>>> print(open('input-v6.tsv').read())   # TSV, C-alpha atoms
chain	number	residue	atom	x	y	z
A	97	MET	CA	-50.76	27.68	85.59
A	98	GLY	CA	-53.08	25.39	83.68
A	99	VAL	CA	-56.56	26.66	82.83
A	100	TYR	CA	-59.98	25.27	82.08
A	101	ASN	CA	-61.15	26.85	78.84
A	102	PHE	CA	-64.94	27.35	78.66
A	103	SER	CA	-64.80	29.63	75.60
A	104	ALA	CA	-67.77	29.48	73.22
A	105	GLY	CA	-65.46	29.17	70.22
A	106	PRO	CA	-62.90	28.73	68.96
A	107	SER	CA	-62.85	26.34	71.85
A	108	VAL	CA	-60.83	23.84	73.82
A	109	PHE	CA	-59.01	21.01	72.00
A	110	PHE	CA	-58.36	17.50	73.21
A	111	PRO	CA	-54.83	17.69	74.70
A	112	GLU	CA	-53.85	14.46	72.95
A	113	VAL	CA	-54.75	15.97	69.57
A	114	LEU	CA	-52.79	19.15	70.25
A	115	GLU	CA	-49.77	16.99	71.08
A	116	GLN	CA	-50.11	15.12	67.78
A	117	ILE	CA	-50.34	18.40	65.87
A	118	ARG	CA	-47.24	19.69	67.66
A	119	ASP	CA	-45.25	16.53	67.00
A	120	GLN	CA	-46.16	16.25	63.31
A	121	LEU	CA	-46.33	19.92	62.32
A	122	ILE	CA	-42.72	20.39	61.15
A	123	ASP	CA	-42.06	17.01	59.58
A	124	TYR	CA	-45.26	15.24	58.57
A	125	ARG	CA	-44.84	11.46	58.77
A	126	GLY	CA	-41.18	11.59	57.79
A	127	SER	CA	-41.85	13.47	54.55
A	128	GLY	CA	-39.26	16.12	55.38
A	129	CYS	CA	-41.78	18.95	55.24
A	130	SER	CA	-44.93	20.11	56.96
A	131	LEU	CA	-48.36	19.11	55.69
A	132	LEU	CA	-49.05	22.86	55.60
A	133	GLU	CA	-46.53	23.22	52.74
A	134	THR	CA	-47.53	20.07	50.90
A	135	SER	CA	-49.69	20.12	47.77
A	136	HIS	CA	-53.35	19.39	48.36
A	137	ARG	CA	-53.05	17.01	45.37
A	138	SER	CA	-50.28	15.02	47.04
A	139	PRO	CA	-50.70	11.45	48.36
A	140	HIS	CA	-50.05	12.70	51.90
A	141	TYR	CA	-52.92	15.17	51.87
A	142	ASP	CA	-55.19	12.90	49.82
A	143	ALA	CA	-54.93	10.30	52.60
A	144	VAL	CA	-55.88	12.92	55.24
A	145	HIS	CA	-58.81	14.23	53.17
A	146	THR	CA	-60.18	10.77	52.39
A	147	ARG	CA	-59.74	9.55	55.96
A	148	ALA	CA	-61.56	12.59	57.38
A	149	LEU	CA	-64.54	11.99	55.07
A	150	THR	CA	-64.55	8.27	55.94
A	151	LEU	CA	-64.48	8.95	59.69
A	152	LEU	CA	-67.34	11.43	59.45
A	153	ARG	CA	-69.47	8.87	57.66
A	154	GLU	CA	-68.49	6.12	60.09
A	155	LEU	CA	-68.94	8.06	63.35
A	156	TYR	CA	-72.23	9.65	62.33
A	157	HIS	CA	-73.50	6.49	60.57
A	158	VAL	CA	-74.25	8.64	57.54
A	159	PRO	CA	-76.35	6.69	55.01
A	160	ASN	CA	-74.84	6.10	51.57
A	161	ASN	CA	-77.42	8.35	49.91
A	162	TYR	CA	-75.90	11.40	51.60
A	163	SER	CA	-72.86	13.34	50.41
A	164	ILE	CA	-70.27	14.83	52.79
A	165	LEU	CA	-68.61	18.09	51.78
A	166	PHE	CA	-65.86	20.31	53.17
A	167	CYS	CA	-66.72	23.95	52.55
A	168	THR	CA	-65.13	27.22	53.63
A	169	GLY	CA	-66.51	30.52	54.90
A	170	GLY	CA	-67.90	29.15	58.14
A	171	ALA	CA	-71.53	28.36	58.82
A	172	THR	CA	-72.37	32.01	58.16
A	173	GLN	CA	-71.55	31.60	54.46
A	174	GLN	CA	-74.01	28.72	54.34
A	175	PHE	CA	-76.81	31.14	55.25
A	176	ALA	CA	-76.54	32.67	51.77
A	177	MET	CA	-75.48	29.49	49.97
A	178	LEU	CA	-78.73	27.78	50.95
A	179	VAL	CA	-80.75	30.47	49.18
A	180	ASP	CA	-78.45	30.51	46.13
A	181	ASN	CA	-78.56	26.76	45.73
A	182	PHE	CA	-82.21	26.05	46.49
A	183	LEU	CA	-84.28	29.20	45.95
A	184	SER	CA	-82.70	30.91	42.96
A	185	GLN	CA	-85.43	29.52	40.70
A	186	GLY	CA	-88.15	30.39	43.21
A	187	GLY	CA	-89.80	28.64	46.13
A	188	THR	CA	-90.30	29.14	49.85
A	189	ALA	CA	-88.14	28.37	52.86
A	190	LEU	CA	-89.40	28.27	56.43
A	191	TYR	CA	-87.03	29.50	59.18
A	192	VAL	CA	-87.76	28.45	62.75
A	193	THR	CA	-85.85	30.91	64.94
A	194	THR	CA	-85.03	29.88	68.50
A	195	GLY	CA	-82.07	32.17	69.24
A	196	ALA	CA	-79.60	34.70	67.93
A	197	TRP	CA	-77.98	32.40	65.36
A	198	GLY	CA	-81.31	31.23	63.98
A	199	LYS	CA	-82.25	34.90	63.66
A	200	LYS	CA	-78.96	35.62	61.87
A	201	ALA	CA	-79.58	32.75	59.44
A	202	LEU	CA	-83.05	34.16	58.75
A	203	GLU	CA	-81.83	37.71	58.21
A	204	ASP	CA	-79.03	36.67	55.86
A	205	ALA	CA	-81.45	34.48	53.91
A	206	GLN	CA	-83.87	37.39	53.59
A	207	VAL	CA	-81.14	39.64	52.24
A	208	ARG	CA	-79.94	37.04	49.75
A	209	SER	CA	-83.48	36.21	48.62
A	210	ASN	CA	-83.82	39.78	47.33
A	211	ALA	CA	-81.65	38.69	44.40
A	212	TYR	CA	-84.32	36.19	43.33
A	213	PRO	CA	-87.77	37.60	42.54
A	214	HIS	CA	-89.67	34.36	43.18
A	215	ALA	CA	-87.92	33.34	46.41
A	216	ARG	CA	-89.77	33.71	49.69
A	217	ILE	CA	-88.55	33.41	53.27
A	218	ILE	CA	-91.07	32.79	56.06
A	219	GLU	CA	-90.23	33.10	59.76
A	220	GLN	CA	-91.91	30.94	62.39
A	221	TYR	CA	-91.72	30.88	66.18
A	222	CYS	CA	-89.69	33.95	66.91
A	223	SER	CA	-89.62	34.78	70.62
A	224	ASP	CA	-87.85	37.76	72.14
A	225	GLN	CA	-86.84	35.64	75.11
A	226	PHE	CA	-85.42	32.65	73.21
A	227	VAL	CA	-85.81	30.35	76.21
A	228	SER	CA	-87.65	27.40	74.64
A	229	LEU	CA	-88.23	25.44	71.44
A	230	PRO	CA	-91.31	25.35	69.23
A	231	PRO	CA	-94.20	22.92	69.54
A	232	SER	CA	-94.30	20.26	66.83
A	233	HIS	CA	-97.23	21.88	65.00
A	234	VAL	CA	-94.93	24.72	63.89
A	235	PHE	CA	-93.36	22.40	61.34
A	236	LYS	CA	-96.75	21.48	59.94
A	237	THR	CA	-97.09	25.11	58.87
A	238	VAL	CA	-95.09	24.33	55.76
A	239	THR	CA	-97.86	22.06	54.52
A	240	ASP	CA	-100.34	24.91	54.85
A	241	VAL	CA	-97.95	27.22	53.02
A	242	LYS	CA	-97.73	24.74	50.17
A	243	LYS	CA	-101.50	24.59	49.82
A	244	LYS	CA	-101.89	28.37	49.80
A	245	GLN	CA	-99.14	28.94	47.25
A	246	GLY	CA	-100.06	26.26	44.79
A	247	GLY	CA	-97.07	25.80	42.52
A	248	ASN	CA	-94.68	27.80	44.68
A	249	ASP	CA	-93.06	24.88	46.44
A	250	THR	CA	-91.73	24.98	49.99
A	251	VAL	CA	-88.19	23.76	49.41
A	252	TYR	CA	-86.87	23.41	52.95
A	253	ALA	CA	-87.33	24.24	56.63
A	254	HIS	CA	-84.34	25.53	58.60
A	255	ILE	CA	-83.50	25.19	62.30
A	256	THR	CA	-80.51	25.85	64.53
A	257	SER	CA	-79.94	22.70	66.55
A	258	ASN	CA	-78.16	24.45	69.44
A	259	GLU	CA	-78.13	28.16	70.27
A	260	THR	CA	-74.80	29.13	71.82
A	261	ILE	CA	-75.93	32.56	73.08
A	262	HIS	CA	-79.27	31.60	74.63
A	263	GLY	CA	-78.45	28.04	75.71
A	264	VAL	CA	-81.31	26.09	74.14
A	265	GLN	CA	-80.91	22.86	72.17
A	266	TYR	CA	-83.10	20.38	70.32
A	267	GLN	CA	-82.74	17.14	72.24
A	268	ALA	CA	-84.35	15.34	69.30
A	269	TYR	CA	-84.85	16.57	65.77
A	270	PRO	CA	-88.45	17.35	64.82
A	271	SER	CA	-90.32	15.72	62.00
A	272	SER	CA	-90.96	18.01	59.05
A	273	PRO	CA	-93.15	17.49	55.95
A	274	VAL	CA	-90.47	19.15	53.80
A	275	PRO	CA	-86.67	18.70	53.81
A	276	LEU	CA	-85.26	19.81	57.16
A	277	ILE	CA	-81.90	21.60	57.24
A	278	ALA	CA	-80.08	22.12	60.55
A	279	ASP	CA	-77.25	24.44	61.46
A	280	CYS	CA	-75.30	22.17	63.83
A	281	SER	CA	-72.27	24.40	64.28
A	282	SER	CA	-72.23	24.22	68.06
A	283	ASP	CA	-73.19	20.58	68.59
A	284	LEU	CA	-71.54	18.93	65.59
A	285	LEU	CA	-70.49	15.37	66.46
A	286	SER	CA	-71.49	15.87	70.09
A	287	ARG	CA	-74.09	13.08	69.92
A	288	PRO	CA	-75.53	10.54	67.46
A	289	ILE	CA	-77.94	11.77	64.79
A	290	ASN	CA	-80.89	10.03	63.16
A	291	PHE	CA	-80.61	11.26	59.58
A	292	GLU	CA	-84.12	10.00	58.85
A	293	HIS	CA	-85.44	13.42	59.91
A	294	LEU	CA	-82.74	15.51	58.23
A	295	ALA	CA	-82.11	16.44	54.61
A	296	MET	CA	-78.96	18.39	55.43
A	297	ILE	CA	-76.80	19.48	58.34
A	298	TYR	CA	-73.91	21.90	58.33
A	299	GLY	CA	-71.54	23.37	60.87
A	300	GLY	CA	-68.19	25.03	61.42
A	301	ALA	CA	-65.58	22.79	63.02
A	302	GLN	CA	-64.25	25.25	65.59
A	303	LYS	CA	-66.36	24.27	68.57
A	304	ASN	CA	-66.34	20.49	68.71
A	305	ILE	CA	-64.11	18.90	66.09
A	306	GLY	CA	-61.29	21.19	65.00
A	307	PRO	CA	-60.12	24.73	64.31
A	308	ALA	CA	-61.89	27.44	62.35
A	309	GLY	CA	-61.55	27.20	58.57
A	310	VAL	CA	-63.58	24.18	57.48
A	311	THR	CA	-67.35	23.77	57.44
A	312	VAL	CA	-68.85	20.28	57.29
A	313	VAL	CA	-71.92	19.82	55.09
A	314	ILE	CA	-73.82	16.51	55.03
A	315	ILE	CA	-76.60	16.55	52.45
A	316	HIS	CA	-79.13	14.04	51.12
A	317	ASN	CA	-78.47	13.35	47.46
A	318	ALA	CA	-82.12	14.01	46.58
A	319	LEU	CA	-81.78	17.55	47.95
A	320	LEU	CA	-78.37	17.94	46.33
A	321	GLU	CA	-79.95	17.17	42.97
A	322	LYS	CA	-82.26	20.17	43.43
A	323	ALA	CA	-79.34	22.58	43.80
A	324	SER	CA	-78.85	25.26	41.16
A	325	GLU	CA	-76.77	24.43	38.09
A	326	VAL	CA	-75.82	28.04	37.28
A	327	LEU	CA	-73.83	29.20	40.30
A	328	PRO	CA	-70.11	29.94	40.34
A	329	PRO	CA	-68.43	26.67	41.38
A	330	ALA	CA	-67.17	28.06	44.70
A	331	TYR	CA	-70.81	28.64	45.76
A	332	SER	CA	-72.29	25.43	44.38
A	333	TYR	CA	-72.98	22.33	46.47
A	334	LYS	CA	-72.99	20.30	43.27
A	335	SER	CA	-69.52	21.56	42.44
A	336	PHE	CA	-68.19	20.64	45.89
A	337	ALA	CA	-69.73	17.16	45.58
A	338	LYS	CA	-68.49	16.59	42.03
A	339	LYS	CA	-64.94	17.65	42.90
A	340	LYS	CA	-64.92	15.86	46.28
A	341	SER	CA	-64.41	19.24	47.99
A	342	LEU	CA	-61.22	19.79	45.98
A	343	TYR	CA	-62.45	22.34	43.44
A	344	ASN	CA	-59.79	24.69	44.83
A	345	THR	CA	-57.26	24.44	47.65
A	346	PRO	CA	-59.13	23.24	50.75
A	347	PRO	CA	-58.27	24.42	54.29
A	348	VAL	CA	-55.58	21.79	54.68
A	349	PHE	CA	-54.61	22.54	58.28
A	350	ALA	CA	-58.21	22.62	59.52
A	351	ILE	CA	-59.10	19.34	57.78
A	352	TRP	CA	-55.97	17.65	59.13
A	353	CYS	CA	-56.83	18.75	62.68
A	354	LEU	CA	-60.41	17.59	62.12
A	355	GLN	CA	-59.16	14.18	61.00
A	356	LEU	CA	-56.98	13.82	64.09
A	357	THR	CA	-59.89	14.82	66.33
A	358	LEU	CA	-62.19	12.29	64.70
A	359	GLU	CA	-59.55	9.58	65.16
A	360	HIS	CA	-59.44	10.49	68.84
A	361	ILE	CA	-63.24	10.38	69.19
A	362	LYS	CA	-63.31	6.97	67.51
A	363	LYS	CA	-60.59	5.69	69.84
A	364	LYS	CA	-62.55	6.93	72.87
A	365	GLY	CA	-65.67	5.01	71.86
A	366	GLY	CA	-67.41	7.07	69.20
A	367	LEU	CA	-70.48	9.23	69.54
A	368	SER	CA	-72.11	7.01	72.14
A	369	TYR	CA	-69.22	7.76	74.46
A	370	ILE	CA	-69.10	11.45	73.52
A	371	SER	CA	-72.85	11.87	74.06
A	372	ASP	CA	-72.70	10.33	77.56
A	373	HIS	CA	-69.58	12.36	78.34
A	374	ASN	CA	-71.30	15.62	77.35
A	375	ALA	CA	-74.52	14.81	79.21
A	376	HIS	CA	-72.54	14.01	82.37
A	377	LYS	CA	-70.68	17.33	82.26
A	378	ALA	CA	-73.90	19.29	81.74
A	379	ARG	CA	-75.63	17.52	84.66
A	380	LEU	CA	-72.79	18.48	86.98
A	381	VAL	CA	-73.28	22.19	86.30
A	382	TYR	CA	-77.08	22.25	85.99
A	383	THR	CA	-77.36	20.40	89.31
A	384	VAL	CA	-75.57	23.27	91.04
A	385	ILE	CA	-77.71	25.86	89.27
A	386	ASP	CA	-80.88	24.12	90.43
A	387	ALA	CA	-79.54	23.65	93.95
A	388	PHE	CA	-78.90	27.38	94.40
A	389	PRO	CA	-81.85	29.13	92.67
A	390	ASP	CA	-81.34	32.34	94.67
A	391	MET	CA	-77.84	32.68	93.22
A	392	TYR	CA	-77.97	31.11	89.75
A	393	ARG	CA	-80.76	31.71	87.25
A	394	CYS	CA	-80.84	29.75	84.02
A	395	PRO	CA	-83.39	31.27	81.61
A	396	ALA	CA	-83.75	28.22	79.37
A	397	VAL	CA	-86.79	25.99	79.96
A	398	PRO	CA	-85.41	22.80	81.61
A	399	GLU	CA	-86.42	20.40	78.83
A	400	CYS	CA	-84.76	22.69	76.26
A	401	ARG	CA	-81.47	23.28	78.09
A	402	SER	CA	-78.31	22.92	76.06
A	403	ASN	CA	-75.63	20.39	76.93
A	404	MET	CA	-73.13	22.50	75.01
A	405	ASN	CA	-73.64	26.04	76.32
A	406	ILE	CA	-74.91	26.59	79.86
A	407	VAL	CA	-76.14	30.15	80.21
A	408	PHE	CA	-76.99	31.71	83.57
A	409	THR	CA	-76.98	34.96	85.50
A	410	LEU	CA	-76.46	35.94	89.13
A	411	PRO	CA	-78.83	38.25	91.06
A	412	ASP	CA	-77.09	41.44	89.88
A	413	ALA	CA	-74.29	42.67	87.61
A	414	THR	CA	-71.98	43.23	90.57
A	415	ARG	CA	-72.03	39.56	91.48
A	416	ASP	CA	-71.68	38.59	87.82
A	417	ALA	CA	-68.44	40.59	87.72
A	418	MET	CA	-67.26	39.15	91.07
A	419	PHE	CA	-67.97	35.61	89.86
A	420	LEU	CA	-65.99	36.13	86.65
A	421	GLU	CA	-63.06	37.73	88.46
A	422	GLN	CA	-62.78	34.97	91.05
A	423	ALA	CA	-63.28	32.27	88.42
A	424	ARG	CA	-60.42	33.63	86.34
A	425	SER	CA	-58.13	33.76	89.39
A	426	LYS	CA	-58.78	30.03	89.85
A	427	GLY	CA	-58.02	29.15	86.23
A	428	PHE	CA	-61.50	29.20	84.67
A	429	ILE	CA	-61.45	31.25	81.44
A	430	GLY	CA	-63.99	32.05	78.72
A	431	LEU	CA	-66.98	32.24	81.07
A	432	ARG	CA	-68.24	35.72	80.22
A	433	GLY	CA	-71.67	35.63	78.57
A	434	HIS	CA	-72.19	36.94	75.07
A	435	ARG	CA	-72.11	40.73	74.88
A	436	SER	CA	-75.75	40.82	73.74
A	437	VAL	CA	-77.09	39.10	76.88
A	438	GLY	CA	-74.36	39.37	79.54
A	439	GLY	CA	-74.21	37.00	82.48
A	440	ILE	CA	-72.21	33.78	82.44
A	441	ARG	CA	-71.79	31.12	79.77
A	442	ALA	CA	-69.98	27.81	80.31
A	443	SER	CA	-69.35	26.01	77.04
A	444	LEU	CA	-68.90	22.27	77.55
A	445	TYR	CA	-67.87	21.13	74.10
A	446	ASN	CA	-66.50	17.67	73.33
A	447	ALA	CA	-62.96	18.33	74.53
A	448	MET	CA	-63.93	19.81	77.91
A	449	SER	CA	-63.04	17.18	80.50
A	450	ILE	CA	-65.18	15.80	83.30
A	451	GLU	CA	-62.47	17.16	85.58
A	452	GLY	CA	-63.05	20.68	84.23
A	453	ALA	CA	-66.82	20.51	84.60
A	454	THR	CA	-66.47	19.10	88.12
A	455	ALA	CA	-64.05	21.85	89.11
A	456	LEU	CA	-66.42	24.51	87.82
A	457	ALA	CA	-69.37	22.96	89.67
A	458	GLU	CA	-67.39	22.91	92.92
A	459	PHE	CA	-66.36	26.54	92.45
A	460	MET	CA	-70.00	27.50	91.85
A	461	LYS	CA	-71.07	25.75	95.06
A	462	GLU	CA	-68.38	27.54	97.07
A	463	PHE	CA	-69.28	30.91	95.56
A	464	ALA	CA	-72.98	30.45	96.26
A	465	ARG	CA	-72.36	29.48	99.88
A	466	THR	CA	-70.04	32.44	100.39
A	467	TYR	CA	-72.02	35.18	98.68
A	468	GLY	CA	-75.58	33.85	98.66
>>> encode(input="input-v6.tsv", output="C-alpha cells")
Amino acid sequence: MGVYNFSAGPSVFFPEVLEQIRDQLIDYRGSGCSLLETSHRSPHYDAVHTRALTLLRELYHVPNNYSILFCTGGATQQFAMLVDNFLSQGGTALYVTTGAWGKKALEDAQVRSNAYPHARIIEQYCSDQFVSLPPSHVFKTVTDVKKKQGGNDTVYAHITSNETIHGVQYQAYPSSPVPLIADCSSDLLSRPINFEHLAMIYGGAQKNIGPAGVTVVIIHNALLEKASEVLPPAYSYKSFAKKKSLYNTPPVFAIWCLQLTLEHIKKKGGLSYISDHNAHKARLVYTVIDAFPDMYRCPAVPECRSNMNIVFTLPDATRDAMFLEQARSKGFIGLRGHRSVGGIRASLYNAMSIEGATALAEFMKEFARTYG
C-alpha cells in the first residue's frame, strides 16, 4: 500500500527524483561504476558539484556578492561554527528565539562562547508558548546594545525562519541594523528570498531539497571577510569558500541528490511554483482546522502559522491517539507531534503533493464529523 509521508525529517522525496537515483545509482551515466565510488576530484563529480552550486544561485537569485558553501554536520554544527567564526575575537550576537530550534541555537552558542572571554550572547523574545513572532522593535535592540557597549560590536542577529516543533514561520524576513543570520533548515528553497535583509542563511538539506548529510550555507562576502583566520580548516567558512567546499571529501551522495532535486524544482517552474504549491497545501489543512475549532486546535497565531509544519491538538490525548491510529490505517504516516509537545504535526515540505494534502484534509473532515 502506498503512503503519504508527513514526517518532519528526513522527509518525503519527489518520486521522480527517487526514480532517477535508483536508475543511476549502480552505473552513473555509463561510467561503469556508481558515483558513490567515484573520486570527488573526478570530472563526473565535479560536474555534479558545480551544477548544484549553479542551481542554488539561479533558483534563489543569489547575488554575486554572496558565496555558497556545502558544509557537513547538519545545521546543529553551524550553531557552534557561527560563534567560532564571528565571535572568537570578541563581540556580541543577538538571538531571537521563537521555538525549540531557536532555543537550541542559543544554548549551543552560549556554551561555545565560553571559550572566548570577550564574546557575549544576548537572548531576545523568548516565550514559553512559542506561538508567535517578535514585533519589529526587537531587532532595534541591537542598536541599543551597540551604544551601551561602545567598542564591543554587535556582530550579528540570529533567527530561525521556521520552527518545526511549534509551527511558526516568518512570512517575511525582518529588517535588522546588524547582519541577520537565519537558520532556514526547515524551509530551505520552499519560497523565494530577498537577500537584501539577510547576511547569511544556512540549513540542512533533509527536509526540502535532499537527504541528510549536506548543509547549505549562503553568506554575504562582507560577513565572510569577518570570519576568523585561525580556525582549523574544517570549521572555517573562509576555508570552505577558498576550497569551493572541497577541502576534504564532501558528502557526495547527498550533494548529488540535492542537485537532482534542484533540477526537478527548476523543471517544475522554480521557487515561484514551489511557493504557490506549498501555500496551497497549507491552506487545505488550515481551512479544516479553522472549520472545526471544537476538534482541532492550532496554537500558532494565524499570521505566524507555518506553511511547512502544521501543528495541532485534539480535545484530549485519547482522541489524539485515535486520530493517529486511524490516520496510519489509511496510509498517513509521520503525523505524531514532537515528543516535547505531543499532538499532531503534518509536515508539508516541497515534495508533499497536493493530492497528499487534500487526502489528509478530507480525512480530518471525516474524523471531525464522526467524533466531534
>>> closest_residue(input="input-v6.tsv", among="A:Ser272, A:Ser286, A:Thr150, A:Thr188", to="Asp249 in chain A", atoms="all atoms listed in the file")
A:Thr188
>>> axis_aligned_box(input="input-v6.tsv", around="range 101-112 of chain A", padding_each_side="8 Å", output="AutoDock Vina command-line options")
--center_x -60.8 --center_y 22.0 --center_z 73.9 --size_x 29.9 --size_y 31.2 --size_z 25.9
>>> closest_residue(input="input-v6.tsv", among="A:Cys280, A:Ala330, A:Leu285, A:Val108", to="Tyr298 in chain A", atoms="all atoms listed in the file")
A:Cys280
>>> closest_atom_pairs(input="input-v6.tsv", of="range 107-190 of chain A", to="range 195-205 of chain A", cutoff="8 Å", atoms="all atoms listed in the file", output="Markdown table")
| residue | atom | partner | partner_atom | distance |
| --- | --- | --- | --- | --- |
| A:Thr172 | CA | A:Ala201 | CA | 7.4 |
| A:Phe175 | CA | A:Ala201 | CA | 5.3 |
| A:Ala176 | CA | A:Ala205 | CA | 5.7 |
| A:Leu178 | CA | A:Ala205 | CA | 7.8 |
| A:Val179 | CA | A:Ala205 | CA | 6.2 |
>>> closest_residue(input="input-v6.tsv", among="A:Arg137, A:Pro395, A:Arg287, A:His293", to="Val274 in chain A", atoms="all atoms listed in the file")
A:His293
>>> closest_residue(input="input-v6.tsv", among="A:His254, A:Arg401, A:Lys339, A:Arg441", to="Asp279 in chain A", atoms="all atoms listed in the file")
A:His254
>>> atom_distance(input="input-v6.tsv", atom1="CA of Thr383 in chain A", atom2="CA of Arg432 in chain A")
20.0 Å
>>> closest_residue(input="input-v6.tsv", among="A:Gln116, A:Asn374, A:Leu165, A:Gly300", to="Ser341 in chain A", atoms="all atoms listed in the file")
A:Leu165
>>> residues_around(input="input-v6.tsv", residues="range 413-429 of chain A", least_positions_apart="2", cutoff="7 Å", atoms="all atoms listed in the file", output="NGL selection string")
:A and (98-103 or 409-411 or 431-432 or 439)
>>> write_last_selection(input="input-v6.tsv", atoms="C-alpha atoms", output="compact mmCIF listing (two decimals), in the coordinates of the input")
# COMPACT_ATOMS: atom_id res chain seq x y z
CA GLY A 98 -53.08 25.39 83.68
CA VAL A 99 -56.56 26.66 82.83
CA TYR A 100 -59.98 25.27 82.08
CA ASN A 101 -61.15 26.85 78.84
CA PHE A 102 -64.94 27.35 78.66
CA SER A 103 -64.80 29.63 75.60
CA THR A 409 -76.98 34.96 85.50
CA LEU A 410 -76.46 35.94 89.13
CA PRO A 411 -78.83 38.25 91.06
CA LEU A 431 -66.98 32.24 81.07
CA ARG A 432 -68.24 35.72 80.22
CA GLY A 439 -74.21 37.00 82.48
>>> atom_distance(input="input-v6.tsv", atom1="CA of Pro230 in chain A", atom2="CA of Thr193 in chain A")
8.9 Å
>>> decode(input="input-v6.tsv", residues="range 196-202 of chain A", atoms="all heavy atoms", output="short mmCIF file (atom, residue, chain, number, x, y, z; two decimals), in the first residue's frame")
data_model
loop_
_atom_site.label_atom_id
_atom_site.label_comp_id
_atom_site.auth_asym_id
_atom_site.auth_seq_id
_atom_site.Cartn_x
_atom_site.Cartn_y
_atom_site.Cartn_z
N ALA A 196 11.72 25.86 19.68
CA ALA A 196 12.69 24.94 20.25
C ALA A 196 14.04 24.99 19.53
O ALA A 196 15.10 24.90 20.17
CB ALA A 196 12.14 23.51 20.21
N TRP A 197 14.03 25.14 18.21
CA TRP A 197 15.31 25.15 17.49
C TRP A 197 16.05 26.47 17.66
O TRP A 197 17.28 26.50 17.72
CB TRP A 197 15.09 24.80 16.02
CG TRP A 197 14.83 23.33 15.87
CD1 TRP A 197 13.65 22.72 15.56
CD2 TRP A 197 15.77 22.28 16.10
NE1 TRP A 197 13.80 21.36 15.59
CE2 TRP A 197 15.08 21.05 15.90
CE3 TRP A 197 17.13 22.25 16.44
CZ2 TRP A 197 15.71 19.81 16.04
CZ3 TRP A 197 17.76 21.02 16.58
CH2 TRP A 197 17.05 19.81 16.38
N GLY A 198 15.31 27.57 17.75
CA GLY A 198 15.96 28.84 18.08
C GLY A 198 16.59 28.78 19.45
O GLY A 198 17.69 29.31 19.68
N LYS A 199 15.91 28.13 20.39
CA LYS A 199 16.42 27.96 21.75
C LYS A 199 17.68 27.10 21.74
O LYS A 199 18.65 27.38 22.45
CB LYS A 199 15.34 27.34 22.63
CG LYS A 199 15.62 27.43 24.11
CD LYS A 199 15.44 28.85 24.62
CE LYS A 199 15.54 28.91 26.14
NZ LYS A 199 15.52 30.30 26.63
N LYS A 200 17.66 26.03 20.93
CA LYS A 200 18.83 25.16 20.82
C LYS A 200 20.02 25.92 20.23
O LYS A 200 21.16 25.77 20.70
CB LYS A 200 18.47 23.96 19.94
CG LYS A 200 19.62 23.03 19.60
CD LYS A 200 20.15 22.30 20.81
CE LYS A 200 21.18 21.25 20.39
NZ LYS A 200 21.93 20.71 21.54
N ALA A 201 19.77 26.73 19.22
CA ALA A 201 20.85 27.54 18.63
C ALA A 201 21.45 28.48 19.67
O ALA A 201 22.67 28.65 19.76
CB ALA A 201 20.32 28.34 17.45
N LEU A 202 20.58 29.10 20.47
CA LEU A 202 21.02 29.99 21.55
C LEU A 202 21.87 29.24 22.56
O LEU A 202 22.97 29.68 22.93
CB LEU A 202 19.81 30.62 22.23
CG LEU A 202 20.07 31.32 23.56
CD1 LEU A 202 20.76 32.66 23.33
CD2 LEU A 202 18.77 31.51 24.34
#
